[in-house]
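Note sheet for the following structure.
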Amino acid sequence: MYPSHDATDGTTRAVASLAPGDVDAPSSFADVEIALGPLGPHDLLVEVHAVSVNPIDLKTRTSFDPETAPKVLGYDAAGVVVKIGDEVTAFAVGDEVYYAGSNARPGTNAAFHLVDERIVGHKPSSLSYAEAAAVPLTTITAWEALFDKLQLSPDSTGTLLVMGGAGGVGSMVTQLARQLTPVTVIATASRNESRKWVHAMGAHHVVDHHNLKDEVSRIAPEGVDYIFSPFSNDNEQTYADLMPVHGQVVAIDGPHGLDISPLKAKAQTWHWESMFARPLFQAESTAQRDLLNEAAKLFDAGTLKSTLAATLQGISAETLREAHRQVEGFTMVGKLVVER
């Protein structure tokens with residue numbers, strides 16, 4: 001756990017990767033002191049209380065450019081605003097916030113973190129810091145996938161297939177689709193623990209991805225209208241077979257050699273979702289701030305539930321290594337959070 005530190009000297013303690021590597025490589029996690037950089041006009045300086053670990057952290061840890069080391073990982077965070085830029089309008093010092101950050105800036109695995117106010121939401125008051133840190137990245141991804149890409153609404157009909165239903169994003173896709181639309185939700189899960197989790201998230205039906213085509217076809221013999229896909233490789237033909245004419249897939253992975261030509265015969269559509277697109281290419285957009293603030297109301301109303309499943313204590317190299325090890329095992333349900 002970090003000792004008291006007020007960042008007044010322009011630095012912060014952080015956990016960084018010194019070189020790309022596997023989870024047990026000594027250089028993959030190190031306690032460091034880094035420069036915070038200048039406070040931009042729209043920036044918030046946040047004292048970080050909790051962070052979570054996402055699959056993108058694992059991918060970044062093993063594949064980042066060594067010349068950018070030390071690489072501070074981490075996207076999700078919840079904490080308190082301690083300083084604001086000259087043009088900040090939506091936040092004040094002392095506000096509790098939650099956000100998913102940007103992959104163009106240093107990560108959140110630090111005592112203090114700089115983030116643009118336009119991608120930050122006010123933390124749900126009913127959630128602890130740990131509960132709030134579990135949800136920003138997955139909520140943004142799920143929201144954009146369902147409502148920006150698939151254009152689902154309270155008037156939508158049909159069936160949605162959620163691949164990886166027990167994962168962080170799958171859990172939020174299931175909740176949002178079940179609570180905010182009338183579509184039928186089928187989610188995949190294979191273990192007893194994950195099946196119970198997916199049912200708790202609101203799925204109408206749970207199927208085993210190992211026998212995907214047969215199990216989904218029994219439930220939806222006329223096909224599924226929408227598919228959320230975090231695992232697209234080698235599933236292109238299966239997706240095409242499971243969907244009717246004009247069916248739609250929204251994917252969040254980026255496998256090499258993906259072949260979506262099987263979708264052409266039935267005029268089906270393949271969408272890409274990346275929650276980092278807006279922070280990278282639409283710097284002026286407040287869409288993610290608005291989204292997170294709207295989601296906060298849903299969390300506080302009990303409409304949505306945090307997907308926090310486990311916590312570790314202390315934002316340190318040792319603890320982050322263990323957190324990555326657990327997430328890398330791909331047996332977790334929900335999200336793993338590290339508290340300061």
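Every chain in the structure tokens takes a letter, A first, then B, and so on in the order presented; its residues are numbered from 1, and the ligands are numbered from 1 following the presented order.
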
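Taking the backbone of this structure through DSSP, the residues of region 74-155 of chain A that come out as strand (DSSP E or B) are Ala77, Ala78, Gly79, Val80, Val81, Val82, Lys83, Ile84, Glu96, Val97, Tyr98, Tyr99, Ala110, Phe112, His113, Leu114, Val115, Asp116, Val120, Gly121 and His122 of chain A.
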
Skip Arg118 (chain A) itself and residues of its chain fewer than 4 positions away, then list as JSON, numbers by chain all residues within 10 Å of it, counting only C-alpha atoms.
{"A": [42, 43, 44, 88, 89, 90, 99, 279, 283, 284, 285, 286, 287, 288, 289, 290]}

How would the residues just chosen look if you wrote them out with N, CA, C and O atoms as a compact mmCIF listing (two decimals), in the first residue's frame?
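Output file part30.txt follows:
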# COMPACT_ATOMS: atom_id res chain seq x y z
N HIS A 42 -8.40 20.67 -19.38
CA HIS A 42 -9.57 19.84 -19.11
C HIS A 42 -9.25 18.66 -18.20
O HIS A 42 -10.07 17.76 -18.04
N ASP A 43 -8.07 18.68 -17.58
CA ASP A 43 -7.64 17.53 -16.77
C ASP A 43 -8.13 17.60 -15.34
O ASP A 43 -8.28 18.68 -14.75
N LEU A 44 -8.33 16.40 -14.79
CA LEU A 44 -8.53 16.21 -13.36
C LEU A 44 -7.32 15.48 -12.82
O LEU A 44 -6.84 14.53 -13.44
N VAL A 88 -11.97 23.12 -16.69
CA VAL A 88 -12.86 22.07 -16.19
C VAL A 88 -14.18 22.71 -15.73
O VAL A 88 -14.17 23.70 -15.00
N THR A 89 -15.28 22.13 -16.19
CA THR A 89 -16.60 22.69 -15.86
C THR A 89 -17.51 21.73 -15.11
O THR A 89 -18.46 22.15 -14.48
N ALA A 90 -17.22 20.43 -15.19
CA ALA A 90 -18.18 19.44 -14.67
C ALA A 90 -17.79 18.88 -13.31
O ALA A 90 -18.56 18.11 -12.73
N TYR A 99 -13.96 6.12 -13.92
CA TYR A 99 -13.67 6.30 -15.34
C TYR A 99 -12.81 5.16 -15.84
O TYR A 99 -12.29 4.35 -15.07
N PRO A 279 -11.97 8.66 -26.89
CA PRO A 279 -10.87 9.41 -26.28
C PRO A 279 -9.73 9.71 -27.27
O PRO A 279 -9.10 10.76 -27.17
N ALA A 283 -11.71 14.05 -29.16
CA ALA A 283 -11.29 14.60 -27.87
C ALA A 283 -12.34 15.54 -27.27
O ALA A 283 -12.42 15.67 -26.05
N GLU A 284 -13.13 16.19 -28.10
CA GLU A 284 -14.10 17.15 -27.60
C GLU A 284 -15.39 16.49 -27.12
O GLU A 284 -16.23 17.13 -26.50
N SER A 285 -15.57 15.21 -27.42
CA SER A 285 -16.83 14.53 -27.09
C SER A 285 -16.98 14.31 -25.59
O SER A 285 -16.03 13.90 -24.91
N THR A 286 -18.18 14.57 -25.10
CA THR A 286 -18.49 14.27 -23.71
C THR A 286 -19.41 13.05 -23.61
O THR A 286 -20.02 12.81 -22.56
N ALA A 287 -19.48 12.27 -24.69
CA ALA A 287 -20.41 11.14 -24.73
C ALA A 287 -20.13 10.13 -23.62
O ALA A 287 -21.07 9.60 -23.00
N GLN A 288 -18.85 9.85 -23.35
CA GLN A 288 -18.55 8.85 -22.32
C GLN A 288 -18.81 9.39 -20.92
O GLN A 288 -19.21 8.64 -20.03
N ARG A 289 -18.60 10.68 -20.72
CA ARG A 289 -18.97 11.27 -19.43
C ARG A 289 -20.48 11.17 -19.22
O ARG A 289 -20.95 10.77 -18.15
N ASP A 290 -21.23 11.52 -20.26
CA ASP A 290 -22.69 11.45 -20.16
C ASP A 290 -23.15 10.02 -19.90
O ASP A 290 -24.07 9.78 -19.11

Near region 150-152 of chain A, within 9 Å and counting only C-alpha atoms, which residues show up once chain neighbours fewer than 5 positions away are dropped, as number ranges by chain?
A: 144-145, 157, 177, 180-181, 183, 226, 248-250, 271

Could the residues in this selection be saved with all heavy atoms as a compact mmCIF listing (two decimals), in the first residue's frame?
# COMPACT_ATOMS: atom_id res chain seq x y z
N GLU A 144 -21.88 1.22 -25.59
CA GLU A 144 -21.63 1.61 -26.98
C GLU A 144 -21.97 0.47 -27.94
O GLU A 144 -22.50 0.70 -29.03
CB GLU A 144 -20.18 2.05 -27.14
CG GLU A 144 -19.86 3.36 -26.44
CD GLU A 144 -18.43 3.83 -26.64
OE1 GLU A 144 -17.58 3.04 -27.12
OE2 GLU A 144 -18.15 5.00 -26.31
N ALA A 145 -21.65 -0.77 -27.54
CA ALA A 145 -21.95 -1.92 -28.40
C ALA A 145 -23.45 -2.07 -28.63
O ALA A 145 -23.91 -2.27 -29.76
CB ALA A 145 -21.37 -3.19 -27.79
N THR A 157 -36.95 -5.66 -30.66
CA THR A 157 -37.42 -7.04 -30.49
C THR A 157 -36.30 -7.98 -30.92
O THR A 157 -35.27 -7.54 -31.44
CB THR A 157 -38.68 -7.30 -31.33
OG1 THR A 157 -38.35 -7.06 -32.72
CG2 THR A 157 -39.82 -6.41 -30.90
N ALA A 177 -28.87 -5.06 -21.58
CA ALA A 177 -29.87 -5.54 -22.53
C ALA A 177 -31.14 -6.00 -21.80
O ALA A 177 -32.26 -5.72 -22.25
CB ALA A 177 -29.30 -6.69 -23.36
N LEU A 180 -32.80 -2.60 -20.00
CA LEU A 180 -33.18 -1.42 -20.78
C LEU A 180 -33.83 -1.76 -22.12
O LEU A 180 -34.24 -0.84 -22.84
CB LEU A 180 -31.95 -0.54 -21.02
CG LEU A 180 -31.23 -0.04 -19.76
CD1 LEU A 180 -30.10 0.92 -20.14
CD2 LEU A 180 -32.18 0.63 -18.79
N THR A 181 -33.93 -3.04 -22.46
CA THR A 181 -34.58 -3.44 -23.72
C THR A 181 -35.44 -4.67 -23.45
O THR A 181 -35.23 -5.39 -22.47
CB THR A 181 -33.56 -3.77 -24.83
OG1 THR A 181 -33.09 -5.11 -24.67
CG2 THR A 181 -32.39 -2.80 -24.83
N VAL A 183 -35.40 -7.32 -25.48
CA VAL A 183 -34.88 -8.45 -26.24
C VAL A 183 -34.64 -9.64 -25.32
O VAL A 183 -34.39 -9.50 -24.12
CB VAL A 183 -33.58 -8.09 -26.99
CG1 VAL A 183 -33.79 -6.93 -27.95
CG2 VAL A 183 -32.45 -7.77 -26.01
N TYR A 226 -28.92 -10.62 -32.92
CA TYR A 226 -27.73 -9.86 -32.52
C TYR A 226 -26.76 -10.79 -31.79
O TYR A 226 -27.18 -11.64 -31.02
CB TYR A 226 -28.10 -8.71 -31.59
CG TYR A 226 -29.29 -7.90 -32.03
CD1 TYR A 226 -30.55 -8.12 -31.45
CD2 TYR A 226 -29.17 -6.92 -33.01
CE1 TYR A 226 -31.65 -7.37 -31.83
CE2 TYR A 226 -30.27 -6.17 -33.41
CZ TYR A 226 -31.52 -6.40 -32.82
OH TYR A 226 -32.60 -5.67 -33.21
N GLN A 248 -26.84 -9.05 -36.96
CA GLN A 248 -25.71 -8.17 -36.68
C GLN A 248 -24.80 -8.73 -35.59
O GLN A 248 -25.29 -9.22 -34.57
CB GLN A 248 -26.20 -6.79 -36.25
CG GLN A 248 -27.07 -6.07 -37.26
CD GLN A 248 -27.50 -4.72 -36.74
OE1 GLN A 248 -26.69 -3.80 -36.59
NE2 GLN A 248 -28.79 -4.60 -36.43
N VAL A 249 -23.50 -8.61 -35.82
CA VAL A 249 -22.49 -8.95 -34.83
C VAL A 249 -21.77 -7.68 -34.40
O VAL A 249 -21.44 -6.84 -35.26
CB VAL A 249 -21.44 -9.94 -35.41
CG1 VAL A 249 -20.35 -10.23 -34.38
CG2 VAL A 249 -22.09 -11.22 -35.88
N VAL A 250 -21.51 -7.52 -33.12
CA VAL A 250 -20.63 -6.46 -32.66
C VAL A 250 -19.50 -7.13 -31.89
O VAL A 250 -19.74 -7.89 -30.96
CB VAL A 250 -21.35 -5.40 -31.82
CG1 VAL A 250 -22.02 -5.98 -30.59
CG2 VAL A 250 -20.40 -4.27 -31.43
N HIS A 271 -19.94 -5.28 -36.85
CA HIS A 271 -19.53 -4.00 -36.26
C HIS A 271 -18.29 -4.21 -35.38
O HIS A 271 -18.11 -5.27 -34.79
CB HIS A 271 -20.62 -3.43 -35.34
CG HIS A 271 -21.94 -3.20 -35.98
ND1 HIS A 271 -22.23 -2.07 -36.71
CD2 HIS A 271 -23.08 -3.94 -35.96
CE1 HIS A 271 -23.49 -2.13 -37.12
NE2 HIS A 271 -24.03 -3.25 -36.68

Would you kindly return, as an MDAnalysis selection string, each protein, DNA or RNA residue with an atom no farther than 12 Å from any atom of Glu193 (chain A), considering only C-alpha atoms and excluding same-chain residues fewer than 2 positions away?
chainID A and resid 165:167 189:191 195:200 309 331:334

Among the residues of region 175-230 of chain A, find those DSSP assigns to alpha helix (DSSP H) from the backbone and print them as a list of chain:residue names.
A:Gln175, A:Leu176, A:Ala177, A:Arg178, A:Gln179, A:Leu180, A:Asn192, A:Glu193, A:Ser194, A:Arg195, A:Lys196, A:Trp197, A:Val198, A:His199, A:Ala200, A:Met201, A:Leu212, A:Lys213, A:Asp214, A:Glu215, A:Val216, A:Ser217, A:Arg218, A:Ile219

Writing out the chosen residues with N, CA and C atoms as a PDB file, in the first residue's frame:
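The file below, result-v5.pdb, is the result:
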ATOM      1  N   GLN A 175     -26.739  -7.304 -18.448  1.00  0.00           N
ATOM      2  CA  GLN A 175     -27.542  -6.446 -17.578  1.00  0.00           C
ATOM      3  C   GLN A 175     -28.235  -5.332 -18.347  1.00  0.00           C
ATOM      4  N   LEU A 176     -27.469  -4.634 -19.190  1.00  0.00           N
ATOM      5  CA  LEU A 176     -28.040  -3.499 -19.915  1.00  0.00           C
ATOM      6  C   LEU A 176     -29.134  -3.948 -20.876  1.00  0.00           C
ATOM      7  N   ALA A 177     -28.871  -5.056 -21.585  1.00  0.00           N
ATOM      8  CA  ALA A 177     -29.871  -5.545 -22.529  1.00  0.00           C
ATOM      9  C   ALA A 177     -31.136  -5.996 -21.798  1.00  0.00           C
ATOM     10  N   ARG A 178     -30.974  -6.677 -20.674  1.00  0.00           N
ATOM     11  CA  ARG A 178     -32.133  -7.176 -19.935  1.00  0.00           C
ATOM     12  C   ARG A 178     -32.925  -6.040 -19.288  1.00  0.00           C
ATOM     13  N   GLN A 179     -32.220  -5.053 -18.743  1.00  0.00           N
ATOM     14  CA  GLN A 179     -32.895  -4.005 -17.985  1.00  0.00           C
ATOM     15  C   GLN A 179     -33.453  -2.881 -18.857  1.00  0.00           C
ATOM     16  N   LEU A 180     -32.805  -2.600 -19.995  1.00  0.00           N
ATOM     17  CA  LEU A 180     -33.179  -1.425 -20.783  1.00  0.00           C
ATOM     18  C   LEU A 180     -33.834  -1.755 -22.116  1.00  0.00           C
ATOM     19  N   ASN A 192     -20.403 -24.411 -13.624  1.00  0.00           N
ATOM     20  CA  ASN A 192     -21.532 -24.142 -12.736  1.00  0.00           C
ATOM     21  C   ASN A 192     -21.461 -22.740 -12.144  1.00  0.00           C
ATOM     22  N   GLU A 193     -20.262 -22.341 -11.708  1.00  0.00           N
ATOM     23  CA  GLU A 193     -20.097 -21.017 -11.111  1.00  0.00           C
ATOM     24  C   GLU A 193     -20.447 -19.921 -12.101  1.00  0.00           C
ATOM     25  N   SER A 194     -19.957 -20.046 -13.321  1.00  0.00           N
ATOM     26  CA  SER A 194     -20.213 -19.013 -14.316  1.00  0.00           C
ATOM     27  C   SER A 194     -21.665 -19.023 -14.779  1.00  0.00           C
ATOM     28  N   ARG A 195     -22.279 -20.197 -14.834  1.00  0.00           N
ATOM     29  CA  ARG A 195     -23.690 -20.257 -15.216  1.00  0.00           C
ATOM     30  C   ARG A 195     -24.570 -19.552 -14.170  1.00  0.00           C
ATOM     31  N   LYS A 196     -24.274 -19.771 -12.902  1.00  0.00           N
ATOM     32  CA  LYS A 196     -25.029 -19.090 -11.847  1.00  0.00           C
ATOM     33  C   LYS A 196     -24.841 -17.582 -11.935  1.00  0.00           C
ATOM     34  N   TRP A 197     -23.611 -17.164 -12.214  1.00  0.00           N
ATOM     35  CA  TRP A 197     -23.312 -15.728 -12.336  1.00  0.00           C
ATOM     36  C   TRP A 197     -24.112 -15.112 -13.475  1.00  0.00           C
ATOM     37  N   VAL A 198     -24.126 -15.767 -14.628  1.00  0.00           N
ATOM     38  CA  VAL A 198     -24.810 -15.234 -15.803  1.00  0.00           C
ATOM     39  C   VAL A 198     -26.315 -15.141 -15.565  1.00  0.00           C
ATOM     40  N   HIS A 199     -26.879 -16.144 -14.907  1.00  0.00           N
ATOM     41  CA  HIS A 199     -28.299 -16.067 -14.549  1.00  0.00           C
ATOM     42  C   HIS A 199     -28.549 -14.870 -13.625  1.00  0.00           C
ATOM     43  N   ALA A 200     -27.634 -14.639 -12.679  1.00  0.00           N
ATOM     44  CA  ALA A 200     -27.790 -13.516 -11.750  1.00  0.00           C
ATOM     45  C   ALA A 200     -27.702 -12.177 -12.460  1.00  0.00           C
ATOM     46  N   MET A 201     -26.960 -12.119 -13.561  1.00  0.00           N
ATOM     47  CA  MET A 201     -26.859 -10.893 -14.347  1.00  0.00           C
ATOM     48  C   MET A 201     -28.120 -10.632 -15.162  1.00  0.00           C
ATOM     49  N   LEU A 212     -22.220 -24.612 -29.115  1.00  0.00           N
ATOM     50  CA  LEU A 212     -22.942 -23.362 -29.306  1.00  0.00           C
ATOM     51  C   LEU A 212     -24.084 -23.475 -30.304  1.00  0.00           C
ATOM     52  N   LYS A 213     -23.799 -23.982 -31.468  1.00  0.00           N
ATOM     53  CA  LYS A 213     -24.794 -23.957 -32.539  1.00  0.00           C
ATOM     54  C   LYS A 213     -26.034 -24.765 -32.165  1.00  0.00           C
ATOM     55  N   ASP A 214     -25.845 -25.959 -31.643  1.00  0.00           N
ATOM     56  CA  ASP A 214     -26.983 -26.819 -31.309  1.00  0.00           C
ATOM     57  C   ASP A 214     -27.806 -26.233 -30.169  1.00  0.00           C
ATOM     58  N   GLU A 215     -27.122 -25.741 -29.124  1.00  0.00           N
ATOM     59  CA  GLU A 215     -27.851 -25.246 -27.955  1.00  0.00           C
ATOM     60  C   GLU A 215     -28.610 -23.956 -28.268  1.00  0.00           C
ATOM     61  N   VAL A 216     -27.979 -23.051 -29.019  1.00  0.00           N
ATOM     62  CA  VAL A 216     -28.668 -21.808 -29.375  1.00  0.00           C
ATOM     63  C   VAL A 216     -29.835 -22.090 -30.311  1.00  0.00           C
ATOM     64  N   SER A 217     -29.637 -23.004 -31.256  1.00  0.00           N
ATOM     65  CA  SER A 217     -30.696 -23.309 -32.215  1.00  0.00           C
ATOM     66  C   SER A 217     -31.927 -23.918 -31.540  1.00  0.00           C
ATOM     67  N   ARG A 218     -31.720 -24.660 -30.453  1.00  0.00           N
ATOM     68  CA  ARG A 218     -32.868 -25.218 -29.730  1.00  0.00           C
ATOM     69  C   ARG A 218     -33.694 -24.114 -29.069  1.00  0.00           C
ATOM     70  N   ILE A 219     -33.002 -23.086 -28.583  1.00  0.00           N
ATOM     71  CA  ILE A 219     -33.698 -21.988 -27.901  1.00  0.00           C
ATOM     72  C   ILE A 219     -34.287 -20.998 -28.910  1.00  0.00           C
TER      73      ILE A 219
END

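You will find CA of Ser156 (chain A) at 18.0 Å from CA of Ala187 (chain A).
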
For Thr141 (chain A), find every residue with an atom within 7 Å (counting only C-alpha atoms), except residues of its own chain fewer than 5 positions away, and show them as a PyMOL selection string.
chain A and resi 169+274-275

Quick one: everything within 10 Å of Leu73 (chain A), counting only C-alpha atoms, minus sequence neighbours fewer than 5 positions away in the same chain. Send it as a count of residues only.
19

Between A:Pro55, A:Gly158, A:Gly101, A:Pro20, smallest distance to Asp253 (chain A) by only C-alpha atoms belongs to A:Pro55

Leu292 (chain A) surroundings by only C-alpha atoms, 9 Å radius, close-in-sequence under 2 positions cut, as a list in words:
Tyr98, Tyr99, Ile119, Val120, Gly121, His122, Lys123, Pro136, Thr139, Ile140, Ala287, Gln288, Arg289, Asp290, Glu294, Ala295, Ala296 and Lys297 of chain A
